[in-house]
Structure formats: C-alpha cells, structure tokens
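Coordinates as given in entry.tsv (TSV, C-alpha atoms and all ligand atoms):
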chain	number	residue	atom	x	y	z
A	259	MET	CA	135.62	148.59	152.12
A	260	GLY	CA	139.11	148.06	150.76
A	261	GLU	CA	140.28	147.34	147.25
A	262	VAL	CA	138.17	144.73	145.45
A	263	ARG	CA	139.51	145.08	141.88
A	264	LEU	CA	141.45	141.94	141.00
A	265	SER	CA	143.46	144.08	138.56
A	266	ASN	CA	144.89	145.98	141.55
A	267	PHE	CA	145.78	142.88	143.58
A	268	SER	CA	149.29	141.46	143.51
A	269	TRP	CA	149.53	137.68	143.13
A	270	VAL	CA	150.28	137.50	146.85
A	271	ARG	CA	147.09	139.33	147.66
A	272	ALA	CA	145.19	137.19	145.16
A	273	ARG	CA	146.57	134.03	146.81
A	274	ASP	CA	145.35	135.28	150.19
A	275	TYR	CA	141.93	136.16	148.74
A	276	PHE	CA	141.48	132.76	147.08
A	277	SER	CA	142.61	130.93	150.21
A	278	THR	CA	139.48	132.12	152.03
A	279	ASN	CA	137.04	132.98	149.20
A	280	ASP	CA	135.63	130.79	146.43
A	281	ILE	CA	133.49	133.45	144.73
A	282	VAL	CA	134.18	136.32	142.29
A	283	LEU	CA	132.25	138.84	140.20
A	284	LEU	CA	132.83	138.96	136.44
A	285	PRO	CA	131.37	142.01	134.63
A	286	VAL	CA	130.73	141.55	130.90
A	287	GLY	CA	129.21	143.96	128.42
A	288	SER	CA	129.63	145.33	124.94
A	289	THR	CA	131.03	148.21	122.92
A	290	GLU	CA	128.04	149.20	120.82
A	291	GLN	CA	125.78	152.05	119.86
A	292	HIS	CA	123.48	153.33	122.62
A	293	GLY	CA	121.63	156.05	120.77
A	294	PRO	CA	123.04	159.49	119.94
A	295	GLN	CA	123.32	160.46	123.61
A	296	ASN	CA	125.13	157.57	125.35
A	297	PRO	CA	128.73	156.31	125.17
A	298	LEU	CA	129.54	153.12	123.24
A	299	GLY	CA	130.91	151.55	126.43
A	300	THR	CA	127.59	151.87	128.29
A	301	ASP	CA	127.04	148.13	128.85
A	302	HIS	CA	130.44	147.20	130.21
A	303	LEU	CA	130.82	150.46	132.15
A	304	ILE	CA	127.50	149.96	133.97
A	305	ALA	CA	128.26	146.28	134.61
A	306	TYR	CA	131.66	147.17	136.09
A	307	GLU	CA	130.27	149.92	138.35
A	308	LEU	CA	127.53	147.61	139.65
A	309	ALA	CA	130.02	144.82	140.28
A	310	LEU	CA	132.37	147.22	142.10
A	311	GLU	CA	129.58	148.53	144.31
A	312	ALA	CA	128.38	145.05	145.26
A	313	GLY	CA	131.98	143.88	145.62
A	314	ARG	CA	132.71	146.69	148.12
A	315	ARG	CA	129.57	145.87	150.09
A	316	THR	CA	130.37	142.14	150.30
A	317	GLY	CA	134.16	141.96	150.06
A	318	VAL	CA	133.95	139.88	146.87
A	319	ALA	CA	136.70	140.43	144.28
A	320	VAL	CA	135.76	141.96	140.92
A	321	LEU	CA	137.48	140.90	137.71
A	322	PRO	CA	138.33	143.40	134.96
A	323	PRO	CA	135.29	143.74	132.68
A	324	VAL	CA	134.97	142.01	129.30
A	325	PRO	CA	134.30	145.03	127.04
A	326	TYR	CA	133.25	143.23	123.81
A	327	GLY	CA	130.15	141.13	123.36
A	328	VAL	CA	127.66	139.70	120.92
A	329	SER	CA	126.61	142.90	119.13
A	330	VAL	CA	126.61	142.18	115.40
A	331	HIS	CA	122.97	143.36	115.27
A	332	HIS	CA	124.21	146.90	116.02
A	333	SER	CA	126.92	146.76	113.33
A	334	ALA	CA	125.32	149.41	111.11
A	335	PHE	CA	126.24	152.03	113.73
A	336	PRO	CA	129.79	153.44	113.70
A	337	GLY	CA	131.96	152.46	116.66
A	338	THR	CA	130.17	149.20	117.42
A	339	VAL	CA	132.75	146.43	117.91
A	340	TRP	CA	131.56	142.83	118.26
A	341	VAL	CA	132.78	139.28	118.56
A	342	ARG	CA	130.96	136.17	117.35
A	343	GLU	CA	128.77	134.41	119.89
A	344	GLU	CA	130.99	131.31	119.93
A	345	VAL	CA	134.12	133.43	120.45
A	346	PHE	CA	132.50	135.30	123.34
A	347	LYS	CA	131.36	132.05	124.92
A	348	GLU	CA	134.80	130.42	124.68
A	349	TYR	CA	136.55	133.57	125.94
A	350	VAL	CA	134.36	133.68	129.05
A	351	ARG	CA	134.79	129.91	129.50
A	352	ASP	CA	138.58	130.29	129.61
A	353	ILE	CA	138.31	133.14	132.14
A	354	VAL	CA	136.16	131.00	134.45
A	355	LEU	CA	138.32	127.89	134.05
A	356	SER	CA	141.47	129.84	134.94
A	357	LEU	CA	139.70	131.02	138.09
A	358	LYS	CA	138.77	127.41	138.88
A	359	LYS	CA	142.48	126.59	139.03
A	360	HIS	CA	142.77	129.15	141.85
A	361	GLY	CA	139.94	127.59	143.80
A	362	VAL	CA	136.94	129.57	142.56
A	363	LYS	CA	133.71	127.56	142.67
A	364	LYS	CA	131.15	130.33	142.22
A	365	VAL	CA	131.04	133.11	139.66
A	366	VAL	CA	128.46	135.86	139.37
A	367	VAL	CA	128.55	137.14	135.81
A	368	VAL	CA	127.24	140.72	135.87
A	369	ASN	CA	125.96	141.02	132.33
A	370	GLY	CA	125.35	144.50	130.92
A	371	HIS	CA	124.21	143.42	127.44
A	372	GLY	CA	121.16	141.34	126.51
A	373	GLY	CA	122.82	140.02	123.34
A	374	ASN	CA	125.28	138.08	125.51
A	375	LEU	CA	122.62	136.16	127.38
A	376	ASN	CA	122.19	133.10	125.12
A	377	ALA	CA	125.92	132.39	125.15
A	378	LEU	CA	126.17	132.92	128.91
A	379	LEU	CA	123.24	130.65	129.76
A	380	SER	CA	124.48	127.83	127.58
A	381	LEU	CA	128.02	128.25	128.98
A	382	SER	CA	126.86	128.33	132.59
A	383	ARG	CA	125.12	124.96	132.16
A	384	GLU	CA	128.32	123.48	130.76
A	385	LEU	CA	130.44	125.01	133.54
A	386	ARG	CA	128.18	123.53	136.17
A	387	GLY	CA	129.25	120.13	134.87
A	388	GLU	CA	132.87	121.29	135.34
A	389	GLY	CA	132.25	122.12	139.00
A	390	VAL	CA	131.87	125.91	138.76
A	391	LEU	CA	128.48	127.38	139.60
A	392	THR	CA	128.09	130.41	137.31
A	393	VAL	CA	124.99	132.58	137.59
A	394	VAL	CA	124.07	135.46	135.30
A	395	PHE	CA	122.84	138.72	136.81
A	396	GLN	CA	121.16	141.43	134.68
A	397	TRP	CA	119.99	144.75	136.12
A	398	TRP	CA	117.30	145.73	133.58
A	399	THR	CA	115.13	142.64	134.05
A	400	LEU	CA	114.73	143.15	137.81
A	401	PRO	CA	110.97	143.22	138.53
A	402	LYS	CA	111.35	146.22	140.90
A	403	LEU	CA	112.30	148.48	137.99
A	404	SER	CA	108.77	148.38	136.63
A	405	ASP	CA	107.76	150.61	139.61
A	406	LEU	CA	110.24	153.22	138.37
A	407	PHE	CA	110.04	153.01	134.58
A	408	THR	CA	107.49	152.22	131.90
A	409	ARG	CA	108.22	149.45	129.41
A	410	GLU	CA	109.11	152.06	126.79
A	411	GLU	CA	111.67	153.54	129.20
A	412	LEU	CA	113.36	150.19	129.80
A	413	GLY	CA	114.35	149.56	126.16
A	414	HIS	CA	117.84	149.70	124.69
A	415	ALA	CA	119.41	153.16	125.18
A	416	ALA	CA	116.15	154.42	126.69
A	417	ALA	CA	115.51	156.29	129.95
A	418	ALA	CA	116.65	153.63	132.45
A	419	GLU	CA	120.00	153.04	130.78
A	420	THR	CA	120.56	156.74	130.05
A	421	SER	CA	119.71	157.62	133.68
A	422	LEU	CA	122.29	155.13	134.93
A	423	ASN	CA	124.88	156.72	132.67
A	424	LEU	CA	123.92	160.19	133.92
A	425	PHE	CA	124.46	159.01	137.48
A	426	LEU	CA	127.65	157.02	136.93
A	427	ASN	CA	129.36	158.84	134.11
A	428	GLY	CA	127.40	162.04	133.43
A	429	LYS	CA	130.12	163.75	131.38
A	430	SER	CA	129.84	161.05	128.72
A	431	VAL	CA	126.12	161.65	128.11
A	432	ASP	CA	124.97	164.29	125.62
A	433	MET	CA	121.41	165.12	126.66
A	434	SER	CA	121.22	167.78	123.92
A	435	SER	CA	121.01	164.94	121.36
A	436	VAL	CA	118.62	162.63	123.23
A	437	VAL	CA	115.53	161.44	121.31
A	438	ASP	CA	112.59	159.08	121.68
A	439	GLU	CA	111.95	156.57	118.91
A	440	LYS	CA	109.13	154.08	118.61
A	441	PRO	CA	110.61	150.86	117.15
A	442	ARG	CA	109.23	149.86	113.72
A	443	LYS	CA	107.32	146.59	113.33
A	444	LEU	CA	108.83	143.67	111.37
A	445	PRO	CA	106.84	141.33	109.08
A	446	THR	CA	106.87	138.32	111.42
A	447	ASP	CA	106.35	140.16	114.75
A	448	GLY	CA	104.15	138.03	116.99
A	449	LEU	CA	104.57	135.02	114.67
A	450	ALA	CA	108.21	134.01	114.38
A	451	TYR	CA	111.71	135.12	115.38
A	452	PHE	CA	113.20	137.33	112.68
A	453	PRO	CA	117.01	137.66	112.33
A	454	GLU	CA	116.73	141.35	113.01
A	455	TYR	CA	119.33	144.07	113.06
A	456	THR	CA	118.86	147.22	115.12
A	457	ASP	CA	118.54	149.41	112.05
A	458	ASP	CA	115.51	147.34	110.94
A	459	ARG	CA	113.66	148.91	113.86
A	460	THR	CA	115.25	152.27	114.65
A	461	LYS	CA	117.30	154.90	112.87
A	462	THR	CA	118.71	156.53	116.01
A	463	GLY	CA	119.46	153.32	117.93
A	464	VAL	CA	117.03	154.24	120.74
A	465	PHE	CA	114.24	151.76	121.50
A	466	GLY	CA	111.48	153.73	123.19
A	467	VAL	CA	111.51	156.76	125.47
A	468	ALA	CA	114.86	158.23	126.50
A	469	THR	CA	114.10	161.92	127.01
A	470	THR	CA	112.76	161.32	130.55
A	471	ALA	CA	116.19	160.21	131.79
A	472	CYS	CA	117.75	162.02	134.76
A	473	LYS	CA	120.54	161.51	137.25
A	474	GLY	CA	118.20	161.03	140.22
A	475	ARG	CA	116.41	158.14	138.53
A	476	GLY	CA	119.79	156.66	137.70
A	477	GLU	CA	120.79	156.77	141.34
A	478	ARG	CA	117.61	154.90	142.31
A	479	VAL	CA	118.14	152.20	139.67
A	480	PHE	CA	121.74	151.82	140.76
A	481	GLU	CA	120.70	151.29	144.37
A	482	ILE	CA	117.98	148.76	143.45
A	483	ALA	CA	120.38	146.85	141.21
A	484	SER	CA	123.26	146.97	143.73
A	485	ARG	CA	121.04	145.55	146.45
A	486	ALA	CA	119.78	142.79	144.17
A	487	LEU	CA	123.34	141.91	143.24
A	488	VAL	CA	124.36	141.81	146.91
A	489	GLU	CA	121.39	139.50	147.58
A	490	THR	CA	122.50	137.28	144.70
A	491	ILE	CA	126.01	137.04	146.16
A	492	GLU	CA	124.67	136.23	149.63
A	493	ALA	CA	122.31	133.58	148.25
A	494	LEU	CA	125.16	132.00	146.34
A	495	ARG	CA	127.46	132.06	149.36
A	496	ARG	CA	124.83	130.17	151.35
A	497	SER	CA	124.21	127.60	148.62
B	1	ZN	ZN	122.96	148.65	126.82
Could you express the structure from this file as structure tokens?
Amino acid sequence: MGEVRLSNFSWVRARDYFSTNDIVLLPVGSTEQHGPQNPLGTDHLIAYELALEAGRRTGVAVLPPVPYGVSVHHSAFPGTVWVREEVFKEYVRDIVLSLKKHGVKKVVVVNGHGGNLNALLSLSRELRGEGVLTVVFQWWTLPKLSDLFTREELGHAAAAETSLNLFLNGKSVDMSSVVDEKPRKLPTDGLAYFPEYTDDRTKTGVFGVATTACKGRGERVFEIASRALVETIEALRRS
C-alpha cells in the first residue's frame, strides 16, 4: 500500500483523502518507564506501528502519534514525562475537532497506554454528541492474547510488551537487564481503589514475568493485534 502517514501528505493530498474518506487512525501513548529493559517510548511507538500496519492494510490515514499521556503514577522513574489527565483529554479533543472540520466522522484511537483510558472513554462519549464517532482500541486487552501469554506475562513492561518491542524495535531493548518482579500487595487490595504509584508495587517497574519475551512471540502478538485493528476499522466503516 502507499503512504498512509498524514505527516507525509501535502494539503492537496490530504484534501483528496478527506474528499473520499471520513475515517482516520490516531495513535496515542506515553513516555514512561517500562522496566530496565524497554525504551521509554514503548507505548506510543507500539501504537504507531500498529496503526501504520492497519492503515497500510486498509488505506486509512494515520495521524502522528501523541507521545505523552497520563503517567504521573510512573513519575518516580527517571525519564517519565506526563501530562495531567484533563490536559491530555483536551489535547486529544482539539485534534479530533480539527479533523471534524475536514470531514472526519470516525476516529479509531489506537491507545498504547492503559493510564489514558479513563480520559479517552469520557472524551469519546462527549465527541459522539459532537458528531464524531471515536472508538478506543487497545492491543493488550484482546481476548486472543490469553492463548499466547499468562496473566503475569501481560502486565506492564512484561513479556508481551517486551516481545512486541523486540519485534518492532529490537535495538532499543536490553535483554541483559530484563527481570521478573511480582508486584507487592497494597493495604486495600480487593477492598477499595488505592491512589497507587508504580513504585508502591515494584522497584524495577516490571509487573510480572518479562524474561520469557522473544521476537517470535512479538511477531505473533503484532499480527493478532493488527488483524483486530483492521476488523475494528472495517466494522466502523460499515456502521
Ligand atoms: Zn506500556
């Protein structure tokens, strides 16, 4: 397929795209710690690669990724950069509303970071009232992944995420520093939501089992997630 990155379109090409398409992909993520082995950009890099793959398979344009998200809970770890939830929500709202001016009616937000979800869900309900149908896609909650990974391997910076990085961006992963860490319990676990920070539960930033990561598993996750994203786009096109 040809170029799908909106950043590489001219305005003339964008005009032509929007004259026949009312849908785009918007990758969002974070810049935050992902254990000692993974790059800080993990969440937005994975979201962008998934969006590009599904964009090429469907001909849907992909916006530049939003690299900062709601990550204050990782703030104890050097290099983590975050924005407040309300700032993130309003930033994404303005992106979607500027697309609406160009005729976009459907947006698939490819979210790479769980901390962004509350803001995105509340925003997408509000945007629906504004005439833009915005759905939020996340790769790590896809039911099919439980055939490939245990629960402990699906945690933050654990084997699933590390495998994806090994497949997509192997040079940025340092497997010589990979560790497993069982998250500590907090006093209200199972009773009430605690305003937790990552360092309450782990000292390395890894939640669970990461040492079983490999490139081949990453390739399988990427294919499962790409297909699911393509299905999401097709379902939305039909709706
Ligand atoms: Zn992540």
At a cut-off of 10 Å, using all atoms listed in the file, what residues contact region 304-313 of chain A? Leave out same-chain residues fewer than 4 positions from it and give the result as a PyMOL selection string.
chain A and resi 259-263+282-288+299-300+317-325+366-371+395-397+419+422-423+426-427+480-481+483-491
Give me, as a CSV table (one decimal) with C-alpha atoms, in the coordinates of the input, all polymer residues having an atom no more than 12 Å from Asp405 (chain A), counting only C-alpha atoms and skipping those fewer than 6 positions away in the same chain.
chain,number,residue,atom,x,y,z
A,411,GLU,CA,111.7,153.5,129.2
A,412,LEU,CA,113.4,150.2,129.8
A,418,ALA,CA,116.6,153.6,132.4
A,475,ARG,CA,116.4,158.1,138.5
A,478,ARG,CA,117.6,154.9,142.3
A,479,VAL,CA,118.1,152.2,139.7
A,482,ILE,CA,118.0,148.8,143.4
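With distances restricted to all atoms listed in the file, A:Val436 is the closest residue to Pro294 (chain A) from A:Val436, A:Cys472, A:Leu400, A:Val270.
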Just the number, please: distance in Å from CA of Val341 (chain A) to CA of Tyr326 (chain A), one decimal.
6.6 Å
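Among A:Ser268, A:Ser277, A:Thr420, A:Thr470, the residue with the shortest atom-to-atom distance to ligand ZN 1 (chain B), counting all atoms listed in the file, is A:Thr420.
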Contacts of region 344-361 of chain A within 10 Å, only C-alpha atoms, excl. fewer than 3 positions in-chain, as a VMD selection string
chain A and resid 272 to 273 275 to 282 284 286 321 324 326 to 328 340 to 341 364 to 365 367 374 to 382 384 to 385 388 to 392
Just to confirm, what's the straight-line distance from CA of His414 (chain A) to CA of Val464 (chain A) in Å (one decimal)?
6.1 Å
Using all atoms listed in the file, find the one residue out of A:His292, A:Ala450, A:Val437, A:Asp301 that sits nearest to Trp398 (chain A).
A:Asp301
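Pairwise distance (CA of Leu303 (chain A), CA of Gly466 (chain A)) equals 21.6 Å.
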Residues around (115.8, 142.2, 110.6), cut-off 12 Å, counting all atoms listed in the file - what are they as JSON, numbers by chain?
{"A": [330, 331, 332, 334, 442, 443, 444, 445, 446, 447, 450, 451, 452, 453, 454, 455, 456, 457, 458, 459, 460]}
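Shortest atom-to-atom contact with ligand ZN 1 (chain B) among A:Gly463, A:Gly372, A:Gly337, A:Pro401: A:Gly372, counting all atoms listed in the file.
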